[in-house]
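K.L.:
If it helps, the file is called upload27.txt and holds compact mmCIF, C-alpha atoms and all ligand atoms:
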```txt
# COMPACT_ATOMS: atom_id res chain seq x y z
CA MET K 1 21.18 17.90 -0.93
CA ARG K 2 19.30 16.70 -4.00
CA ARG K 3 15.97 15.13 -3.01
CA ALA K 4 13.14 13.34 -4.80
CA VAL K 5 9.97 15.40 -4.90
CA LEU K 6 6.60 13.75 -5.53
CA ALA K 7 5.79 15.98 -8.50
CA GLY K 8 2.49 14.40 -9.53
CA LEU K 9 0.16 11.75 -8.14
CA GLY K 10 -2.35 9.46 -9.85
CA HIS K 11 -4.81 6.81 -8.78
CA CYS K 12 -7.22 4.17 -10.02
CA VAL K 13 -9.80 1.98 -8.31
CA PRO K 14 -12.23 -0.39 -10.00
CA ASP K 15 -15.80 0.90 -10.45
CA LYS K 16 -17.38 -2.12 -8.80
CA VAL K 17 -18.23 -1.50 -5.13
CA LEU K 18 -18.61 -4.40 -2.71
CA SER K 19 -20.28 -3.22 0.51
CA ASN K 20 -20.47 -4.99 3.84
CA ALA K 21 -24.14 -5.63 3.04
CA HIS K 22 -23.07 -7.51 -0.11
CA LEU K 23 -20.70 -9.60 2.02
CA GLU K 24 -23.48 -10.36 4.52
CA ALA K 25 -25.36 -11.96 1.63
CA MET K 26 -22.29 -13.98 0.58
CA MET K 27 -20.97 -15.37 3.88
CA ASP K 28 -21.53 -15.65 7.62
CA THR K 29 -20.49 -12.11 8.59
CA SER K 30 -22.10 -8.83 9.56
CA ASP K 31 -21.68 -5.17 8.77
CA GLU K 32 -21.36 -4.57 12.52
CA TRP K 33 -18.50 -7.08 12.94
CA ILE K 34 -16.57 -5.73 9.95
CA ARG K 35 -16.96 -2.08 10.98
CA GLN K 36 -16.09 -2.70 14.62
CA ARG K 37 -13.08 -4.91 13.97
CA THR K 38 -11.67 -3.17 10.88
CA GLY K 39 -13.41 0.16 10.19
CA ILE K 40 -14.15 -1.00 6.62
CA CYS K 41 -17.59 -0.19 5.11
CA GLU K 42 -16.96 -1.01 1.45
CA ARG K 43 -14.20 -1.91 -0.98
CA ARG K 44 -13.60 -1.84 -4.76
CA ILE K 45 -13.34 -5.12 -6.66
CA SER K 46 -11.70 -5.69 -10.02
CA VAL K 47 -13.86 -7.49 -12.58
CA PRO K 48 -12.75 -10.61 -14.49
CA GLY K 49 -10.13 -9.62 -17.05
CA GLN K 50 -9.12 -6.49 -15.09
CA ALA K 51 -5.52 -7.04 -14.01
CA ALA K 52 -3.04 -5.10 -11.87
CA SER K 53 -1.49 -3.31 -14.84
CA ASP K 54 -4.91 -2.10 -16.04
CA LEU K 55 -5.26 -0.13 -12.80
CA ALA K 56 -1.59 0.83 -12.68
CA ILE K 57 -1.60 2.25 -16.21
CA VAL K 58 -4.52 4.58 -15.44
CA ALA K 59 -2.84 5.73 -12.20
CA ALA K 60 0.49 6.17 -13.99
CA ARG K 61 -0.99 8.25 -16.83
CA GLU K 62 -2.61 10.58 -14.31
CA ALA K 63 0.60 10.94 -12.29
CA VAL K 64 2.62 11.71 -15.43
CA GLU K 65 0.06 14.28 -16.56
CA ARG K 66 -0.13 15.97 -13.15
CA ALA K 67 3.67 16.10 -12.95
CA GLY K 68 3.71 17.81 -16.35
CA VAL K 69 6.28 15.42 -17.79
CA ALA K 70 6.26 13.30 -20.93
CA ALA K 71 6.13 9.53 -20.52
CA GLU K 72 9.13 9.34 -22.88
CA SER K 73 11.19 11.28 -20.34
CA LEU K 74 10.83 8.65 -17.58
CA ASP K 75 14.09 6.93 -16.65
CA LEU K 76 12.59 4.22 -14.47
CA VAL K 77 9.28 2.52 -13.68
CA VAL K 78 9.19 0.86 -10.25
CA CYS K 79 6.05 -1.09 -9.42
CA GLY K 80 5.29 -2.36 -5.92
CA THR K 81 2.97 -5.34 -6.30
CA VAL K 82 2.48 -8.94 -5.22
CA THR K 83 -0.53 -9.52 -7.47
CA GLY K 84 1.05 -8.69 -10.80
CA ASP K 85 -0.50 -9.68 -14.12
CA MET K 86 1.78 -12.75 -14.43
CA PRO K 87 4.71 -14.36 -12.56
CA PHE K 88 6.75 -12.80 -15.37
CA PRO K 89 7.20 -10.46 -17.14
CA SER K 90 6.96 -7.79 -14.49
CA THR K 91 3.88 -5.62 -14.20
CA ALA K 92 6.21 -2.62 -14.47
CA CYS K 93 6.97 -3.72 -18.05
CA PHE K 94 3.26 -3.77 -18.93
CA VAL K 95 2.97 -0.26 -17.50
CA GLN K 96 6.09 0.89 -19.32
CA ALA K 97 4.62 -0.24 -22.64
CA GLY K 98 1.10 0.94 -21.76
CA ILE K 99 2.11 4.54 -21.12
CA GLY K 100 4.88 4.69 -23.73
CA ALA K 101 7.82 5.15 -21.35
CA THR K 102 10.15 4.26 -24.19
CA LYS K 103 13.41 5.15 -22.43
CA ALA K 104 12.69 3.68 -19.01
CA GLY K 105 13.98 0.65 -17.17
CA ALA K 106 11.18 -1.24 -15.43
CA PHE K 107 10.93 -3.71 -12.58
CA ASP K 108 8.61 -4.88 -9.79
CA VAL K 109 9.21 -4.76 -6.06
CA GLY K 110 7.72 -7.56 -3.95
CA ALA K 111 7.04 -6.05 -0.56
CA ALA K 112 3.31 -6.80 -0.25
CA CYS K 113 1.43 -4.07 1.62
CA ALA K 114 4.70 -2.16 2.08
CA GLY K 115 5.23 -2.19 -1.71
CA PHE K 116 4.89 1.55 -2.14
CA ILE K 117 7.10 2.34 0.88
CA TYR K 118 9.84 0.13 -0.59
CA SER K 119 9.34 1.36 -4.17
CA LEU K 120 9.43 4.99 -3.11
CA ALA K 121 12.65 4.34 -1.20
CA ILE K 122 14.24 2.82 -4.32
CA GLY K 123 12.93 5.48 -6.70
CA SER K 124 14.00 8.34 -4.49
CA ALA K 125 17.49 6.84 -4.05
CA PHE K 126 17.89 6.83 -7.86
CA VAL K 127 16.86 10.48 -8.02
CA GLU K 128 18.99 11.56 -5.03
CA SER K 129 22.08 9.84 -6.42
CA GLY K 130 21.62 11.44 -9.84
CA GLN K 131 21.23 8.07 -11.57
CA ALA K 132 17.74 9.13 -12.65
CA GLU K 133 15.96 12.43 -13.26
CA THR K 134 12.37 11.22 -13.53
CA VAL K 135 11.04 8.06 -11.90
CA LEU K 136 7.53 6.63 -11.86
CA VAL K 137 6.72 4.79 -8.64
CA ILE K 138 3.55 2.70 -8.43
CA GLY K 139 1.78 0.73 -5.73
CA VAL K 140 -0.90 -1.64 -7.01
CA ASP K 141 -2.63 -4.80 -5.88
CA VAL K 142 -5.72 -6.80 -6.82
CA LEU K 143 -5.79 -9.11 -3.82
CA THR K 144 -9.51 -9.83 -4.20
CA LYS K 145 -8.52 -12.20 -7.03
CA PHE K 146 -6.42 -14.19 -4.56
CA VAL K 147 -8.66 -14.50 -1.51
CA ASP K 148 -10.75 -17.50 -0.60
CA TRP K 149 -14.30 -16.13 -0.62
CA GLY K 150 -15.22 -18.95 1.76
CA ASP K 151 -12.82 -17.64 4.41
CA ARG K 152 -14.56 -14.77 6.21
CA SER K 153 -11.49 -13.95 8.28
CA THR K 154 -9.61 -12.70 5.18
CA ALA K 155 -12.22 -12.10 2.44
CA VAL K 156 -13.78 -9.07 4.16
CA LEU K 157 -10.47 -7.24 4.53
CA PHE K 158 -9.17 -6.61 1.03
CA GLY K 159 -9.97 -4.34 -1.90
CA ASP K 160 -8.25 -3.51 -5.19
CA GLY K 161 -6.54 -0.26 -6.15
CA ALA K 162 -3.51 1.55 -7.50
CA GLY K 163 -1.66 4.77 -6.85
CA ALA K 164 1.33 6.32 -8.60
CA ALA K 165 3.79 9.14 -8.11
CA VAL K 166 6.29 10.79 -10.45
CA LEU K 167 9.54 11.67 -8.70
CA ARG K 168 11.68 14.59 -9.85
CA PRO K 169 14.78 16.21 -8.35
CA GLY K 170 13.76 18.93 -5.92
CA GLU K 171 15.19 22.15 -4.63
CA GLY K 172 15.38 23.28 -1.02
CA ASP K 173 14.17 20.89 1.65
CA ARG K 174 11.20 19.46 -0.30
CA GLY K 175 11.08 15.75 -1.10
CA VAL K 176 11.76 12.39 0.51
CA ILE K 177 13.87 13.16 3.59
CA LYS K 178 14.46 9.74 5.08
CA THR K 179 13.34 6.13 4.76
CA VAL K 180 13.62 3.04 6.93
CA LEU K 181 13.03 -0.44 5.48
CA LEU K 182 12.86 -3.49 7.73
CA SER K 183 12.04 -7.19 7.46
CA ASP K 184 11.72 -10.41 9.44
CA GLY K 185 11.47 -13.47 7.21
CA ASN K 186 10.86 -15.67 10.25
CA GLY K 187 7.36 -14.21 10.23
CA ALA K 188 6.67 -15.44 6.68
CA PRO K 189 4.08 -18.05 7.78
CA HIS K 190 1.85 -15.39 9.34
CA ILE K 191 0.59 -14.15 5.98
CA ASP K 192 1.26 -15.82 2.67
CA PHE K 193 0.01 -17.13 -0.64
CA GLN K 194 1.90 -20.38 -1.09
CA VAL K 195 0.83 -21.97 -4.35
CA GLY K 196 2.20 -21.03 -7.76
CA GLY K 197 5.82 -20.35 -6.93
CA SER K 198 8.78 -22.69 -7.19
CA ARG K 199 8.20 -24.13 -3.68
CA TYR K 200 4.70 -25.38 -4.46
CA PRO K 201 4.22 -25.18 -8.26
CA HIS K 202 0.64 -25.20 -9.56
CA GLY K 203 -0.62 -28.75 -10.04
CA SER K 204 2.52 -30.32 -8.55
CA PRO K 205 2.52 -33.06 -5.90
CA GLU K 206 4.08 -30.54 -3.50
CA ALA K 207 1.05 -28.25 -3.90
CA GLN K 208 -1.43 -31.03 -3.11
CA GLY K 209 -3.69 -30.09 -0.21
CA ARG K 210 -2.54 -26.47 -0.15
CA ARG K 211 -5.17 -23.79 -0.66
CA PRO K 212 -4.35 -21.41 -3.54
CA ALA K 213 -5.46 -18.37 -1.55
CA VAL K 214 -4.27 -15.75 0.93
CA ALA K 215 -3.76 -17.36 4.35
CA MET K 216 -3.30 -15.24 7.43
CA ASN K 217 -2.92 -15.50 11.16
CA GLY K 218 -4.85 -12.28 11.81
CA ALA K 219 -4.10 -11.93 15.51
CA GLU K 220 -0.36 -12.43 14.97
CA VAL K 221 -0.26 -9.92 12.08
CA TYR K 222 -2.26 -7.47 14.20
CA ARG K 223 0.22 -7.64 17.09
CA PHE K 224 3.17 -7.32 14.72
CA ALA K 225 1.59 -4.38 12.86
CA VAL K 226 0.90 -2.33 15.98
CA ARG K 227 4.47 -2.75 17.20
CA ALA K 228 6.17 -2.40 13.80
CA MET K 229 4.30 0.70 12.62
CA GLY K 230 5.15 2.66 15.76
CA ASP K 231 8.76 1.45 15.78
CA ALA K 232 9.37 2.40 12.13
CA CYS K 233 7.80 5.83 12.58
CA LEU K 234 9.83 6.67 15.67
CA ARG K 235 13.01 5.44 14.03
CA VAL K 236 12.62 7.40 10.78
CA LEU K 237 11.78 10.55 12.77
CA ALA K 238 14.78 10.06 15.09
CA GLU K 239 17.11 9.53 12.12
CA ALA K 240 15.90 12.84 10.67
CA GLY K 241 16.27 14.61 14.03
CA LEU K 242 12.50 15.21 14.22
CA GLN K 243 9.72 14.49 16.72
CA PRO K 244 6.22 13.03 16.26
CA SER K 245 4.90 16.50 17.11
CA ASP K 246 6.58 17.80 13.92
CA VAL K 247 4.39 15.58 11.71
CA ASP K 248 1.67 17.49 9.84
CA LEU K 249 0.03 14.45 8.25
CA PHE K 250 0.41 10.79 9.16
CA VAL K 251 -0.52 8.54 6.20
CA PRO K 252 -0.38 4.93 7.43
CA HIS K 253 -1.10 1.75 5.50
CA GLN K 254 -4.89 1.40 5.44
CA ALA K 255 -5.35 -2.16 6.68
CA ASN K 256 -7.47 -1.75 9.78
CA LEU K 257 -8.71 1.34 11.61
CA ARG K 258 -7.79 -0.14 15.01
CA ILE K 259 -4.17 -0.62 13.88
CA ILE K 260 -4.11 2.96 12.56
CA ARG K 261 -5.50 4.35 15.84
CA ALA K 262 -3.00 2.33 17.92
CA SER K 263 -0.07 3.77 15.92
CA GLN K 264 -1.57 7.24 16.09
CA GLU K 265 -1.85 6.94 19.86
CA ARG K 266 1.77 5.82 20.19
CA LEU K 267 2.85 8.90 18.22
CA GLY K 268 0.50 11.15 20.20
CA LEU K 269 -1.16 12.56 17.08
CA THR K 270 -4.64 14.08 17.02
CA ASP K 271 -7.21 12.90 14.43
CA ASP K 272 -6.76 16.00 12.28
CA ARG K 273 -3.18 14.90 11.59
CA VAL K 274 -4.05 11.35 10.48
CA PHE K 275 -5.38 10.41 7.05
CA VAL K 276 -7.89 7.55 6.93
CA ASN K 277 -9.78 6.16 3.91
CA VAL K 278 -9.86 2.45 4.85
CA GLN K 279 -13.66 2.75 5.24
CA HIS K 280 -14.04 3.18 1.45
CA TYR K 281 -11.40 0.84 0.05
CA GLY K 282 -10.46 -1.80 2.64
CA ASN K 283 -6.86 -3.00 2.50
CA THR K 284 -5.59 -2.38 -1.05
CA SER K 285 -2.10 -3.62 -0.11
CA GLY K 286 0.51 -1.86 -2.29
CA GLY K 287 -2.14 0.57 -3.50
CA SER K 288 -3.12 1.78 -0.05
CA ILE K 289 -0.52 4.46 0.73
CA PRO K 290 -0.36 6.13 -2.71
CA LEU K 291 -4.19 6.11 -2.86
CA ALA K 292 -4.27 7.77 0.56
CA LEU K 293 -1.64 10.34 -0.47
CA TYR K 294 -3.64 11.07 -3.62
CA GLU K 295 -6.88 11.63 -1.71
CA ALA K 296 -5.14 13.63 1.00
CA GLU K 297 -3.70 15.99 -1.60
CA ARG K 298 -6.94 16.29 -3.58
CA SER K 299 -8.92 17.08 -0.45
CA GLY K 300 -6.53 19.87 0.52
CA ARG K 301 -5.04 18.09 3.54
CA LEU K 302 -1.55 17.99 2.03
CA LYS K 303 -0.15 21.45 1.64
CA PRO K 304 3.29 22.36 0.26
CA GLY K 305 5.82 22.34 3.09
CA ALA K 306 3.88 19.82 5.22
CA LEU K 307 5.85 17.06 6.93
CA VAL K 308 4.28 13.77 5.85
CA LEU K 309 4.97 10.45 7.54
CA THR K 310 4.00 7.26 5.67
CA VAL K 311 4.31 3.81 7.20
CA GLY K 312 3.42 0.32 5.99
CA PHE K 313 3.69 -3.34 6.91
CA GLY K 314 2.89 -6.61 5.22
CA ALA K 315 3.72 -10.14 4.22
CA GLY K 316 7.37 -11.01 4.54
CA LEU K 317 7.19 -9.84 7.15
CA VAL K 318 8.25 -6.40 5.95
CA TRP K 319 7.70 -2.90 7.23
CA GLY K 320 9.03 0.59 6.73
CA ALA K 321 8.39 4.31 6.74
CA ASN K 322 9.09 7.35 4.56
CA LEU K 323 9.38 10.90 5.79
CA ILE K 324 8.50 13.45 3.12
CA ARG K 325 8.54 17.25 3.05
CA TRP K 326 5.62 17.94 0.70
O1 LIG K 401 -1.63 -5.71 5.33
C1 LIG K 401 -1.54 -6.83 6.19
C2 LIG K 401 -2.88 -7.51 6.17
N1 LIG K 401 -3.37 -8.04 7.38
C3 LIG K 401 -3.87 -7.33 8.41
O2 LIG K 401 -3.78 -6.15 8.54
C4 LIG K 401 -4.61 -8.15 9.43
C5 LIG K 401 -4.34 -7.78 10.85
N2 LIG K 401 -5.31 -8.40 11.72
C6 LIG K 401 -6.56 -7.89 11.88
O3 LIG K 401 -6.89 -6.87 11.28
C7 LIG K 401 -7.51 -8.60 12.80
O4 LIG K 401 -6.82 -9.63 13.46
C8 LIG K 401 -8.74 -9.18 12.05
C9 LIG K 401 -9.64 -8.03 11.60
C10 LIG K 401 -8.32 -10.03 10.89
C11 LIG K 401 -9.56 -10.03 13.02
O5 LIG K 401 -9.95 -9.27 14.14
P1 LIG K 401 -9.81 -9.88 15.62
O6 LIG K 401 -10.37 -8.89 16.54
O7 LIG K 401 -8.36 -10.27 15.78
O8 LIG K 401 -10.78 -11.13 15.54
P2 LIG K 401 -10.41 -12.66 15.76
O9 LIG K 401 -9.60 -13.16 14.62
O10 LIG K 401 -9.87 -12.80 17.15
O11 LIG K 401 -11.83 -13.31 15.69
C12 LIG K 401 -12.83 -13.04 16.66
C13 LIG K 401 -14.07 -13.79 16.27
C14 LIG K 401 -13.83 -15.26 15.97
O12 LIG K 401 -14.95 -15.99 16.47
P3 LIG K 401 -14.84 -16.80 17.85
O13 LIG K 401 -13.73 -17.78 17.65
O14 LIG K 401 -14.51 -15.75 18.90
O15 LIG K 401 -16.19 -17.39 18.00
C15 LIG K 401 -13.86 -15.35 14.46
O16 LIG K 401 -14.28 -16.59 13.98
O17 LIG K 401 -14.63 -13.23 15.07
C16 LIG K 401 -14.88 -14.27 14.13
N3 LIG K 401 -14.73 -13.73 12.78
C17 LIG K 401 -15.73 -13.15 12.12
N4 LIG K 401 -17.02 -12.93 12.47
C18 LIG K 401 -17.80 -12.29 11.57
C19 LIG K 401 -13.61 -13.69 12.01
N5 LIG K 401 -13.90 -13.09 10.86
C20 LIG K 401 -15.20 -12.73 10.91
C21 LIG K 401 -16.07 -12.08 10.02
N6 LIG K 401 -17.34 -11.86 10.39
N7 LIG K 401 -15.66 -11.61 8.81
```
Go ahead and render the structure in this file as structure tokens.
P.N.:
Amino acid sequence: MRRAVLAGLGHCVPDKVLSNAHLEAMMDTSDEWIRQRTGICERRISVPGQAASDLAIVAAREAVERAGVAAESLDLVVCGTVTGDMPFPSTACFVQAGIGATKAGAFDVGAACAGFIYSLAIGSAFVESGQAETVLVIGVDVLTKFVDWGDRSTAVLFGDGAGAAVLRPGEGDRGVIKTVLLSDGNGAPHIDFQVGGSRYPHGSPEAQGRRPAVAMNGAEVYRFAVRAMGDACLRVLAEAGLQPSDVDLFVPHQANLRIIRASQERLGLTDDRVFVNVQHYGNTSGGSIPLALYEAERSGRLKPGALVLTVGFGAGLVWGANLIRW
């Protein structure tokens, strides 16, 4: 069977570091609370004027270069983001123009923190079906531009970042083996950003009294995440006829170390088979999984032939997992 191989990865994070100590000076929080509850020590923050596509373009150029393909050969640019440059056009179009992907279609995928999981599923389906030869898949978010810095329960969690992967048709058993995508729109109120869409347009009477910022019921999202991550992982493995013990590297969405450890425990995986970088970047939403894959590969923890399990969850509610033979 024809499969989509991740032929080259790229990444980009802003230079500006915001540590827990910085946050202590900004709001009523502590390094101890943030580390204990989330595992986060620092995060990267985009500066004014630095938009999602600015990060995505750098990540995309690196992925294209590492894959050894020309930007003009890309058939499709799929960008998982919920913090795009503008409501429209899509951020994928800014990337398409920015890297010179002159023959590619381009669109965004709105699946919040599961943006890369969803985008990879779409991109790999295009490659598997033969509708595309070369696809650029991106996960990017700049959520720090959308948080209320007066709300300590959300402001400490997020960071900005992008990751990208070029997909090419593979031979043998390498590539994306299986994907599960799931959703429950009844959980929409648990994490949202309400203002600026057609329900509550900016400056409209309907938007009066609504905070233009990320709002989250942390405890509810936590409970959902622990259940959903484990469920999606077990399901994608079962559909592929594999066991948790077959997984060489588990690369979960980097939202909270406690959520990662709970999923790891459910799968019975030892620490050496779990990739964690949430301490450096916080929750970069759509950027989190491709950034983690990038760092895992660069640090030698992702070897050819390894079975990689990625899983993500986010606003929607949405969740899903990809199983990849590296
Ligand atoms: O990609 C999806 C994004 N969302 C998530 O992944 C979020 C999932 N949820 C979580 O990660 C956790 O629920 C949080 C990290 C957000 C919160 O951890 P928690 O253990 O559920 O804490 P809590 O919300 O139950 O709050 C415990 C206490 C509260 O004080 P009281 O009421 O017990 O006096 C909060 O006011 O901690 C307080 N608190 C803080 N204290 C210091 C909340 N935020 C902070 C803070 N610093 N930043």
K.L.:
Quick one: distance from CA of Thr179 in chain K to CA of Asn322 in chain K in Å, one decimal?
P.N.:
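Between CA of Thr179 in chain K and CA of Asn322 in chain K the gap works out to 4.4 Å.
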K.L.:
I need the residue nearest Asp272 in chain K from this list: K:Tyr294, K:Val247, K:Ser288, K:Ala25. Use only C-alpha atoms for the distance.
P.N.:
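Of the candidates, the smallest distance to Asp272 in chain K is held by K:Val247.
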K.L.:
Residues contacting ligand LIG 401 (chain K) - anything with an atom at most 8 Å away, using all atoms listed in the file - can you give me those as a PyMOL selection string?
P.N.:
chain K and resi 28-30+33-34+37-38+112-114+151-157+191+216-223+225+253-256+258-259+283+285+312-315
K.L.:
Under the rule that only C-alpha atoms are counted, which of K:Val311, K:Val274, K:Val166, K:Ala321 is the nearest residue to Glu239 in chain K?
P.N.:
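Using only C-alpha atoms, Glu239 in chain K sits closest to K:Ala321.
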K.L.:
Could you give me, as a list in words, the residues within 9 Å of Cys93 in chain K, counting only C-alpha atoms and dropping anything in the same chain fewer than 5 positions from it?
P.N.:
Val77, Gly98, Gly105, Ala106, Phe107 and Asp108 of chain K
K.L.:
Using all atoms listed in the file, what residues lie at most 9 Å away from (-3.5, 5.2, -2.2) (file coordinates), given as a JSON list (two decimals) with C-alpha atoms, keeping the file's coordinate frame?
P.N.:
```json
[["chain", "number", "residue", "atom", "x", "y", "z"],
["K", 10, "GLY", "CA", -2.35, 9.46, -9.85],
["K", 11, "HIS", "CA", -4.81, 6.81, -8.78],
["K", 12, "CYS", "CA", -7.22, 4.17, -10.02],
["K", 139, "GLY", "CA", 1.78, 0.73, -5.73],
["K", 140, "VAL", "CA", -0.90, -1.64, -7.01],
["K", 161, "GLY", "CA", -6.54, -0.26, -6.15],
["K", 162, "ALA", "CA", -3.51, 1.55, -7.50],
["K", 163, "GLY", "CA", -1.66, 4.77, -6.85],
["K", 164, "ALA", "CA", 1.33, 6.32, -8.60],
["K", 253, "HIS", "CA", -1.10, 1.75, 5.50],
["K", 254, "GLN", "CA", -4.89, 1.40, 5.44],
["K", 277, "ASN", "CA", -9.78, 6.16, 3.91],
["K", 284, "THR", "CA", -5.59, -2.38, -1.05],
["K", 286, "GLY", "CA", 0.51, -1.86, -2.29],
["K", 287, "GLY", "CA", -2.14, 0.57, -3.50],
["K", 288, "SER", "CA", -3.12, 1.78, -0.05],
["K", 289, "ILE", "CA", -0.52, 4.46, 0.73],
["K", 290, "PRO", "CA", -0.36, 6.13, -2.71],
["K", 291, "LEU", "CA", -4.19, 6.11, -2.86],
["K", 292, "ALA", "CA", -4.27, 7.77, 0.56],
["K", 293, "LEU", "CA", -1.64, 10.34, -0.47],
["K", 294, "TYR", "CA", -3.64, 11.07, -3.62],
["K", 295, "GLU", "CA", -6.88, 11.63, -1.71]]
```
K.L.:
Can you tell me how far CA of Gly123 in chain K sits from CA of Leu74 in chain K, in Å to one decimal?
P.N.:
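Taking CA of Gly123 in chain K and CA of Leu74 in chain K, their separation equals 11.5 Å.
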K.L.:
Check the smallest atom-to-atom distance from each of K:Phe224, K:Phe126, K:Tyr118, K:Phe146 to Leu76 in chain K using all atoms listed in the file, then report the winner.
P.N.:
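When distances to Leu76 in chain K are compared using all atoms listed in the file, the smallest one comes from K:Phe126.
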K.L.:
Quick one: residues within 9 Å of (13.7, 10.1, 6.4) (file frame), counting only C-alpha atoms, please, as a JSON list (two decimals) with C-alpha atoms, in the coordinates of the input.
P.N.:
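Now in point_10.json:
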```json
[["chain", "number", "residue", "atom", "x", "y", "z"],
["K", 176, "VAL", "CA", 11.76, 12.39, 0.51],
["K", 177, "ILE", "CA", 13.87, 13.16, 3.59],
["K", 178, "LYS", "CA", 14.46, 9.74, 5.08],
["K", 179, "THR", "CA", 13.34, 6.13, 4.76],
["K", 180, "VAL", "CA", 13.62, 3.04, 6.93],
["K", 235, "ARG", "CA", 13.01, 5.44, 14.03],
["K", 236, "VAL", "CA", 12.62, 7.40, 10.78],
["K", 237, "LEU", "CA", 11.78, 10.55, 12.77],
["K", 238, "ALA", "CA", 14.78, 10.06, 15.09],
["K", 239, "GLU", "CA", 17.11, 9.53, 12.12],
["K", 240, "ALA", "CA", 15.90, 12.84, 10.67],
["K", 309, "LEU", "CA", 4.97, 10.45, 7.54],
["K", 321, "ALA", "CA", 8.39, 4.31, 6.74],
["K", 322, "ASN", "CA", 9.09, 7.35, 4.56],
["K", 323, "LEU", "CA", 9.38, 10.90, 5.79],
["K", 324, "ILE", "CA", 8.50, 13.45, 3.12]]
```
K.L.:
Could you work out how far CA of Ala207 in chain K lies from CA of Asp148 in chain K, giving the answer in Å with one decimal?
P.N.:
16.3 Å
K.L.:
Quick one: residues within 8 Å of Leu6 in chain K, only C-alpha atoms counted, chain neighbours fewer than 4 positions away excluded, as a PyMOL selection string?
P.N.:
chain K and resi 165-168+175+326
K.L.:
Kindly save the residues from that selection, with C-alpha atoms included, as a JSON list (two decimals), in the coordinates of the input.
P.N.:
```json
[["chain", "number", "residue", "atom", "x", "y", "z"],
["K", 165, "ALA", "CA", 3.79, 9.14, -8.11],
["K", 166, "VAL", "CA", 6.29, 10.79, -10.45],
["K", 167, "LEU", "CA", 9.54, 11.67, -8.70],
["K", 168, "ARG", "CA", 11.68, 14.59, -9.85],
["K", 175, "GLY", "CA", 11.08, 15.75, -1.10],
["K", 326, "TRP", "CA", 5.62, 17.94, 0.70]]
```
K.L.:
With all atoms listed in the file as the atoms that count, which of K:Val127, K:Val82, K:Ile122, K:Leu317 lies nearest to Pro189 in chain K?
P.N.:
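When distances to Pro189 in chain K are compared using all atoms listed in the file, the smallest one comes from K:Leu317.
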K.L.:
For Met26 in chain K, which residue among K:Gly241, K:Gly196, K:Gly150, K:Pro252 is the nearest when counting only C-alpha atoms?
P.N.:
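Closest to Met26 in chain K of all the choices is K:Gly150.
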K.L.:
Which residues are near Ser46 in chain K? Cut-off 9 Å, all atoms listed in the file, ignore same chain within fewer than 3 positions. Put them as a PyMOL selection string.
P.N.:
chain K and resi 13-16+49-52+55+142+144-145+159-161
K.L.:
Taking into account all atoms listed in the file, which residue in the set K:Val95, K:Ile117, K:Val5, K:Val214 is nearest to Trp149 in chain K?
P.N.:
K:Val214
K.L.:
Extract, using all atoms listed in the file, all DNA, RNA and protein residues at most 8 Å from Asp246 in chain K, discarding same-chain residues fewer than 3 positions from it, and format them as a list in words.
P.N.:
Leu242, Gln243 and Leu307 of chain K
K.L.:
Rebuild N, CA, C and O atoms on range 47-54 of chain K, as a short mmCIF file (atom, residue, chain, number, x, y, z; two decimals), in the coordinates of the input?
P.N.:
```cif
data_model
loop_
_atom_site.label_atom_id
_atom_site.label_comp_id
_atom_site.auth_asym_id
_atom_site.auth_seq_id
_atom_site.Cartn_x
_atom_site.Cartn_y
_atom_site.Cartn_z
N VAL K 47 -12.98 -6.53 -11.89
CA VAL K 47 -13.86 -7.49 -12.58
C VAL K 47 -12.98 -8.51 -13.32
O VAL K 47 -11.78 -8.27 -13.51
N PRO K 48 -13.55 -9.64 -13.74
CA PRO K 48 -12.75 -10.61 -14.49
C PRO K 48 -12.10 -9.94 -15.71
O PRO K 48 -12.75 -9.14 -16.40
N GLY K 49 -10.84 -10.23 -15.92
CA GLY K 49 -10.13 -9.62 -17.05
C GLY K 49 -9.45 -8.31 -16.70
O GLY K 49 -8.67 -7.78 -17.49
N GLN K 50 -9.75 -7.76 -15.52
CA GLN K 50 -9.12 -6.49 -15.09
C GLN K 50 -7.93 -6.85 -14.20
O GLN K 50 -8.12 -7.33 -13.08
N ALA K 51 -6.73 -6.62 -14.71
CA ALA K 51 -5.52 -7.04 -14.01
C ALA K 51 -4.82 -5.84 -13.35
O ALA K 51 -5.22 -4.69 -13.56
N ALA K 52 -3.77 -6.15 -12.60
CA ALA K 52 -3.04 -5.10 -11.87
C ALA K 52 -2.58 -3.99 -12.81
O ALA K 52 -2.71 -2.80 -12.50
N SER K 53 -2.04 -4.35 -13.96
CA SER K 53 -1.49 -3.31 -14.84
C SER K 53 -2.59 -2.42 -15.42
O SER K 53 -2.33 -1.27 -15.78
N ASP K 54 -3.82 -2.95 -15.53
CA ASP K 54 -4.91 -2.10 -16.04
C ASP K 54 -5.16 -0.93 -15.09
O ASP K 54 -5.40 0.19 -15.53
#
```
